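Data block below; observations after.
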Amino acid sequence: MPHDIARLHHVGHVVSDMTQAMTLYRRLGFHVPPPSVPALAPREGAAPEPFGAANTHAELSRSFVELVTPVQLGTMAGLPPDARIVPLQAPPEKLPLFQSRIETASAQLGGWRDRFEGLHILMFSSPDVDGTENRLSAAGVGHGGVNTVGRPVETPDGVRTEPVRYLEIDGAPEGRVGVVADLDPEFQHARHLDHPNGARDLVEAVLCVPDGQLPLFHERYERYLGRPISAEGPVTLLTEADLPGLLPGEDPRAAPALVSFTVAVPDIARVRALLSENGLPVRETARGELFVPADATLGAAVIFREV
(Lines give C-alpha, C1' and ligand atoms only; values in the text may rest on other atoms or scores of the structure.)
Protein backbone atom coordinates (compact mmCIF):
# COMPACT_ATOMS: atom_id res chain seq x y z
CA MET A 1 0.00 0.00 0.00
CA PRO A 2 2.37 2.76 -1.20
CA HIS A 3 1.99 6.40 -0.21
CA ASP A 4 -0.50 5.77 2.58
CA ILE A 5 1.42 8.30 4.70
CA ALA A 6 1.70 11.75 3.14
CA ARG A 7 1.79 14.12 6.11
CA LEU A 8 2.09 14.59 9.84
CA HIS A 9 -0.68 14.08 12.37
CA HIS A 10 1.08 15.77 15.28
CA VAL A 11 4.34 16.34 17.11
CA GLY A 12 4.65 16.30 20.88
CA HIS A 13 6.68 18.84 22.85
CA VAL A 14 7.54 17.44 26.29
CA VAL A 15 7.97 20.19 28.88
CA SER A 16 8.60 20.55 32.59
CA ASP A 17 6.19 23.39 33.32
CA MET A 18 2.93 23.53 31.36
CA THR A 19 2.16 27.10 32.42
CA GLN A 20 5.51 28.30 31.12
CA ALA A 21 5.10 26.33 27.88
CA MET A 22 1.62 27.69 27.21
CA THR A 23 2.88 31.24 27.75
CA LEU A 24 5.67 30.58 25.27
CA TYR A 25 3.35 29.16 22.61
CA ARG A 26 0.99 32.09 22.96
CA ARG A 27 3.95 34.44 22.44
CA LEU A 28 4.73 32.39 19.31
CA GLY A 29 1.24 33.22 18.11
CA PHE A 30 -0.64 29.98 18.75
CA HIS A 31 -4.05 29.62 20.35
CA VAL A 32 -3.53 27.16 23.22
CA PRO A 33 -6.50 26.14 25.40
CA PRO A 34 -6.20 25.04 29.05
CA PRO A 35 -4.66 21.58 29.44
CA SER A 36 -6.48 18.43 30.48
CA VAL A 37 -5.16 16.09 33.14
CA PRO A 38 -6.55 12.66 34.10
CA ALA A 39 -7.59 12.07 37.68
CA LEU A 40 -8.20 8.97 39.77
CA ALA A 41 -9.53 8.49 43.28
CA PRO A 42 -6.70 7.04 45.40
CA ARG A 43 -9.26 5.06 47.41
CA GLU A 44 -12.97 4.41 47.40
CA GLY A 45 -14.98 7.48 48.35
CA ALA A 46 -12.02 9.86 47.93
CA ALA A 47 -11.97 12.78 45.50
CA PRO A 48 -10.15 12.15 42.18
CA GLU A 49 -6.55 13.35 42.16
CA PRO A 50 -4.50 14.32 39.08
CA PHE A 51 -1.90 11.84 37.87
CA GLY A 52 -0.22 10.65 34.69
CA ALA A 53 0.28 13.48 32.19
CA ALA A 54 -1.34 16.77 31.29
CA ASN A 55 -1.59 17.93 27.70
CA THR A 56 -3.03 20.56 25.41
CA HIS A 57 -2.94 21.18 21.66
CA ALA A 58 -2.44 23.99 19.21
CA GLU A 59 -5.01 22.76 16.69
CA LEU A 60 -4.32 23.16 12.97
CA SER A 61 -6.37 22.30 9.90
CA ARG A 62 -5.28 18.66 9.57
CA SER A 63 -2.82 18.32 12.43
CA PHE A 64 -1.77 19.76 15.77
CA VAL A 65 1.17 20.51 18.05
CA GLU A 66 0.87 18.88 21.46
CA LEU A 67 2.28 20.23 24.71
CA VAL A 68 2.60 17.51 27.33
CA THR A 69 4.10 17.16 30.79
CA PRO A 70 4.20 14.31 33.32
CA VAL A 71 2.17 14.88 36.48
CA GLN A 72 2.88 13.53 39.95
CA LEU A 73 -0.07 11.96 41.74
CA GLY A 74 -2.10 14.50 43.65
CA THR A 75 -0.24 17.65 42.59
CA MET A 76 -1.06 20.45 40.18
CA ALA A 77 2.50 21.82 40.24
CA GLY A 78 3.42 23.40 36.90
CA LEU A 79 -0.20 23.43 35.69
CA PRO A 80 -2.33 26.55 35.22
CA PRO A 81 -5.27 27.09 37.59
CA ASP A 82 -7.76 26.55 34.75
CA ALA A 83 -6.44 23.06 33.91
CA ARG A 84 -9.35 20.67 33.29
CA ILE A 85 -9.45 17.68 35.63
CA VAL A 86 -10.82 14.64 33.75
CA PRO A 87 -11.78 11.80 36.11
CA LEU A 88 -10.80 8.42 34.68
CA GLN A 89 -13.98 6.54 33.94
CA ALA A 90 -13.92 2.82 33.27
CA PRO A 91 -15.45 -0.38 34.60
CA PRO A 92 -13.91 -1.22 38.00
CA GLU A 93 -12.26 -4.35 36.62
CA LYS A 94 -10.47 -2.30 33.92
CA LEU A 95 -9.36 0.64 36.06
CA PRO A 96 -6.08 -1.01 37.20
CA LEU A 97 -5.11 -1.65 33.56
CA PHE A 98 -5.90 1.93 32.50
CA GLN A 99 -4.06 3.32 35.51
CA SER A 100 -1.02 1.17 34.74
CA ARG A 101 -0.94 2.31 31.12
CA ILE A 102 -1.18 5.98 32.06
CA GLU A 103 1.51 5.64 34.71
CA THR A 104 3.80 3.84 32.24
CA ALA A 105 3.30 6.57 29.66
CA SER A 106 3.93 9.24 32.30
CA ALA A 107 7.17 7.56 33.37
CA GLN A 108 8.28 7.45 29.73
CA LEU A 109 7.52 11.15 29.34
CA GLY A 110 9.50 11.86 32.50
CA GLY A 111 12.49 10.01 31.09
CA TRP A 112 12.36 12.00 27.86
CA ARG A 113 11.98 15.27 29.76
CA ASP A 114 15.00 14.40 31.88
CA ARG A 115 16.95 13.73 28.68
CA PHE A 116 15.99 17.19 27.44
CA GLU A 117 12.92 19.39 27.12
CA GLY A 118 11.84 19.30 23.50
CA LEU A 119 10.22 17.17 20.82
CA HIS A 120 9.90 13.48 21.65
CA ILE A 121 6.71 12.51 19.79
CA LEU A 122 6.32 12.17 16.01
CA MET A 123 3.05 10.81 14.65
CA PHE A 124 2.23 10.44 10.96
CA SER A 125 -1.29 10.62 9.55
CA SER A 126 -2.93 7.87 7.49
CA PRO A 127 -6.35 7.67 5.80
CA ASP A 128 -6.30 3.91 6.46
CA VAL A 129 -4.42 3.08 9.64
CA ASP A 130 -5.38 -0.60 9.38
CA GLY A 131 -3.85 -0.78 5.92
CA THR A 132 -0.75 0.99 7.23
CA GLU A 133 -0.56 -1.56 10.03
CA ASN A 134 -0.54 -4.38 7.48
CA ARG A 135 2.10 -2.66 5.33
CA LEU A 136 4.39 -2.04 8.30
CA SER A 137 4.05 -5.65 9.42
CA ALA A 138 4.90 -6.88 5.92
CA ALA A 139 7.96 -4.60 5.90
CA GLY A 140 9.18 -6.06 9.20
CA VAL A 141 8.47 -2.92 11.25
CA GLY A 142 7.55 -3.85 14.82
CA HIS A 143 4.58 -2.08 16.37
CA GLY A 144 1.92 -2.46 19.04
CA GLY A 145 -1.07 -2.80 16.74
CA VAL A 146 -3.94 -0.37 16.28
CA ASN A 147 -5.50 1.00 19.47
CA THR A 148 -8.51 3.27 19.97
CA VAL A 149 -8.73 6.05 22.56
CA GLY A 150 -10.71 9.27 22.98
CA ARG A 151 -9.16 12.72 23.25
CA PRO A 152 -10.88 15.93 24.34
CA VAL A 153 -11.18 18.62 21.66
CA GLU A 154 -12.06 22.21 22.58
CA THR A 155 -14.77 23.56 20.29
CA PRO A 156 -16.87 26.74 20.35
CA ASP A 157 -19.69 24.58 21.75
CA GLY A 158 -17.58 23.11 24.55
CA VAL A 159 -15.26 20.13 24.91
CA ARG A 160 -16.06 17.06 22.81
CA THR A 161 -14.41 13.67 22.74
CA GLU A 162 -12.87 12.66 19.43
CA PRO A 163 -12.13 8.96 18.78
CA VAL A 164 -8.50 8.35 17.84
CA ARG A 165 -7.11 5.18 16.24
CA TYR A 166 -3.33 4.85 16.28
CA LEU A 167 -0.35 2.54 16.43
CA GLU A 168 3.10 3.05 17.93
CA ILE A 169 6.26 1.79 16.26
CA ASP A 170 8.65 -0.22 18.43
CA GLY A 171 12.17 0.79 19.36
CA ALA A 172 12.60 4.31 17.94
CA PRO A 173 15.45 5.87 19.97
CA GLU A 174 14.31 9.40 19.07
CA GLY A 175 11.08 9.00 21.05
CA ARG A 176 7.50 7.95 20.35
CA VAL A 177 6.96 7.41 16.63
CA GLY A 178 3.72 6.12 15.17
CA VAL A 179 0.78 6.49 12.83
CA VAL A 180 -2.66 7.93 13.59
CA ALA A 181 -5.84 7.80 11.55
CA ASP A 182 -6.57 11.10 9.79
CA LEU A 183 -8.43 13.59 11.97
CA ASP A 184 -12.19 13.10 11.81
CA PRO A 185 -13.74 15.60 9.33
CA GLU A 186 -16.73 15.88 11.70
CA PHE A 187 -14.50 17.77 14.09
CA GLN A 188 -12.64 19.89 11.52
CA HIS A 189 -15.09 22.80 11.43
CA ALA A 190 -15.08 23.06 15.21
CA ARG A 191 -11.32 23.42 15.72
CA HIS A 192 -9.76 26.68 16.87
CA LEU A 193 -7.74 27.69 13.80
CA ASP A 194 -7.67 31.43 14.42
CA HIS A 195 -4.03 31.58 15.50
CA PRO A 196 -2.57 35.10 15.65
CA ASN A 197 0.41 33.83 13.62
CA GLY A 198 -1.95 32.49 10.95
CA ALA A 199 -0.65 28.91 11.27
CA ARG A 200 -2.61 26.54 9.06
CA ASP A 201 -0.89 23.17 9.12
CA LEU A 202 2.04 21.17 10.45
CA VAL A 203 4.19 20.38 7.42
CA GLU A 204 7.55 19.07 8.61
CA ALA A 205 9.57 17.65 11.48
CA VAL A 206 13.37 17.68 11.45
CA LEU A 207 15.21 14.70 12.91
CA CYS A 208 18.91 15.13 13.69
CA VAL A 209 20.88 11.86 13.73
CA PRO A 210 24.43 11.00 14.80
CA ASP A 211 27.11 11.60 12.19
CA GLY A 212 27.64 8.47 10.11
CA GLN A 213 24.18 7.01 10.84
CA LEU A 214 22.13 8.84 8.22
CA PRO A 215 21.80 5.82 5.87
CA LEU A 216 20.41 3.69 8.72
CA PHE A 217 17.79 6.29 9.60
CA HIS A 218 16.90 6.84 5.95
CA GLU A 219 16.28 3.12 5.52
CA ARG A 220 14.16 2.96 8.65
CA TYR A 221 12.01 5.97 7.80
CA GLU A 222 11.54 4.82 4.22
CA ARG A 223 10.06 1.63 5.64
CA TYR A 224 7.83 3.68 7.93
CA LEU A 225 6.61 5.85 5.03
CA GLY A 226 6.54 3.12 2.40
CA ARG A 227 8.48 5.32 -0.04
CA PRO A 228 11.76 7.25 -0.40
CA ILE A 229 12.37 10.26 1.81
CA SER A 230 11.27 13.39 -0.05
CA ALA A 231 12.41 17.00 0.11
CA GLU A 232 8.73 17.89 0.42
CA GLY A 233 8.52 16.17 3.83
CA PRO A 234 6.88 15.27 6.08
CA VAL A 235 10.18 14.43 7.82
CA THR A 236 13.65 15.81 7.11
CA LEU A 237 16.67 13.79 8.25
CA LEU A 238 20.12 15.30 8.67
CA THR A 239 23.25 14.76 10.71
CA GLU A 240 24.60 16.75 13.63
CA ALA A 241 27.27 18.21 11.35
CA ASP A 242 24.68 19.30 8.78
CA LEU A 243 22.14 20.79 11.20
CA PRO A 244 23.68 24.31 11.27
CA GLY A 245 23.47 24.32 7.48
CA LEU A 246 19.68 24.29 7.75
CA LEU A 247 19.20 26.01 11.11
CA PRO A 248 22.12 28.42 11.68
CA GLY A 249 23.32 28.45 15.27
CA GLU A 250 21.43 25.33 16.34
CA ASP A 251 23.23 22.64 18.32
CA PRO A 252 21.25 19.48 19.15
CA ARG A 253 21.05 18.57 22.82
CA ALA A 254 21.34 14.89 21.92
CA ALA A 255 21.22 12.67 18.87
CA PRO A 256 19.10 11.16 17.56
CA ALA A 257 16.59 13.85 18.40
CA LEU A 258 13.68 15.72 16.87
CA VAL A 259 14.97 19.28 16.79
CA SER A 260 12.25 21.34 15.12
CA PHE A 261 8.85 21.44 13.49
CA THR A 262 7.55 23.60 10.65
CA VAL A 263 4.14 25.21 10.32
CA ALA A 264 2.66 26.72 7.18
CA VAL A 265 1.56 30.36 7.41
CA PRO A 266 0.03 32.69 4.79
CA ASP A 267 1.95 35.87 5.69
CA ILE A 268 5.54 35.60 6.88
CA ALA A 269 5.85 39.37 7.39
CA ARG A 270 2.95 39.19 9.83
CA VAL A 271 4.74 36.41 11.72
CA ARG A 272 8.02 38.34 11.86
CA ALA A 273 6.24 41.39 13.29
CA LEU A 274 4.38 39.32 15.88
CA LEU A 275 7.52 37.51 17.05
CA SER A 276 9.44 40.78 17.29
CA GLU A 277 6.61 42.42 19.21
CA ASN A 278 6.63 39.48 21.66
CA GLY A 279 10.38 39.73 22.20
CA LEU A 280 11.37 36.43 20.58
CA PRO A 281 14.61 36.04 18.59
CA VAL A 282 14.14 35.39 14.89
CA ARG A 283 16.57 33.78 12.46
CA GLU A 284 16.33 32.56 8.89
CA THR A 285 16.78 28.97 7.73
CA ALA A 286 18.96 28.09 4.76
CA ARG A 287 15.69 27.86 2.79
CA GLY A 288 14.69 31.43 3.65
CA GLU A 289 12.05 30.58 6.27
CA LEU A 290 11.80 32.19 9.70
CA PHE A 291 12.56 30.23 12.84
CA VAL A 292 12.78 30.82 16.56
CA PRO A 293 15.80 28.95 17.98
CA ALA A 294 15.50 26.10 20.43
CA ASP A 295 17.20 28.04 23.23
CA ALA A 296 14.19 30.39 23.24
CA THR A 297 11.53 27.70 22.79
CA LEU A 298 12.14 25.08 25.49
CA GLY A 299 14.31 22.90 23.28
CA ALA A 300 12.26 22.77 20.05
CA ALA A 301 13.02 25.22 17.24
CA VAL A 302 9.84 26.47 15.55
CA ILE A 303 10.00 27.14 11.80
CA PHE A 304 7.46 29.28 9.92
CA ARG A 305 7.07 28.64 6.18
CA GLU A 306 5.04 30.94 3.96
CA VAL A 307 2.66 28.88 1.84
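Each chain of the C-alpha coordinates is named A, B, ... in the order shown, its residues numbered from 1; ligands are numbered from 1 in display order.
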
Using only C-alpha atoms, which residues sit within 8 Å of stretch 238-243 of chain A once same-chain residues fewer than 2 positions away are excluded, as an MDAnalysis selection string? chainID A and resid 206:214 236 245:248 250:252 255

Could you pull the residues within 8 Å of stretch 114-130 of chain A, counting only C-alpha atoms, minus those fewer than 4 positions along the same chain, as a PyMOL selection string? chain A and resi 4-16+110+134+146+165-167+174-182+205+253+257-260+298-300

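Of the residues under consideration (A:Gln72, A:Leu183, A:His143, A:Gly171), A:Gln72 shows the shortest atom-to-atom contact distance to A:Ile102 when counting only C-alpha atoms.
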
Selection near A:Ala47, 12 Å with only C-alpha atoms, sequence-local residues under 3 positions removed, as a PyMOL selection string: chain A and resi 39-44+50+74+85-88

Stretch 193-236 of chain A: which residues are strand (DSSP E) by DSSP, as a PyMOL selection string? chain A and resi 201-209+235-236

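Between A:Leu136 and the candidates A:Phe304, A:Tyr224, A:Phe217, A:Phe64, the tightest atom-to-atom separation, counting only C-alpha atoms, involves A:Tyr224.
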
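Atom CA of A:Pro185 sits 19.4 Å away from atom CA of A:Gly131.
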
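Atom pair atom CA of A:Val302 / atom CA of A:Pro38: separated by 28.3 Å.
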
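Distance check against A:Leu280 using only C-alpha atoms: of A:Ala46, A:Ala264, A:Ala301, A:Val65, the minimum falls on A:Ala301.
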
re atom CA of A:Ala77 and atom CA of A:Leu60: distance 28.1 Å

Please extract the residues of stretch 100-263 of chain A with a backbone DSSP assignment of helix (DSSP H, G or I) and present them as a VMD selection string. chain A and resid 100 to 115 129 to 138 185 to 188 214 to 225 243 to 246
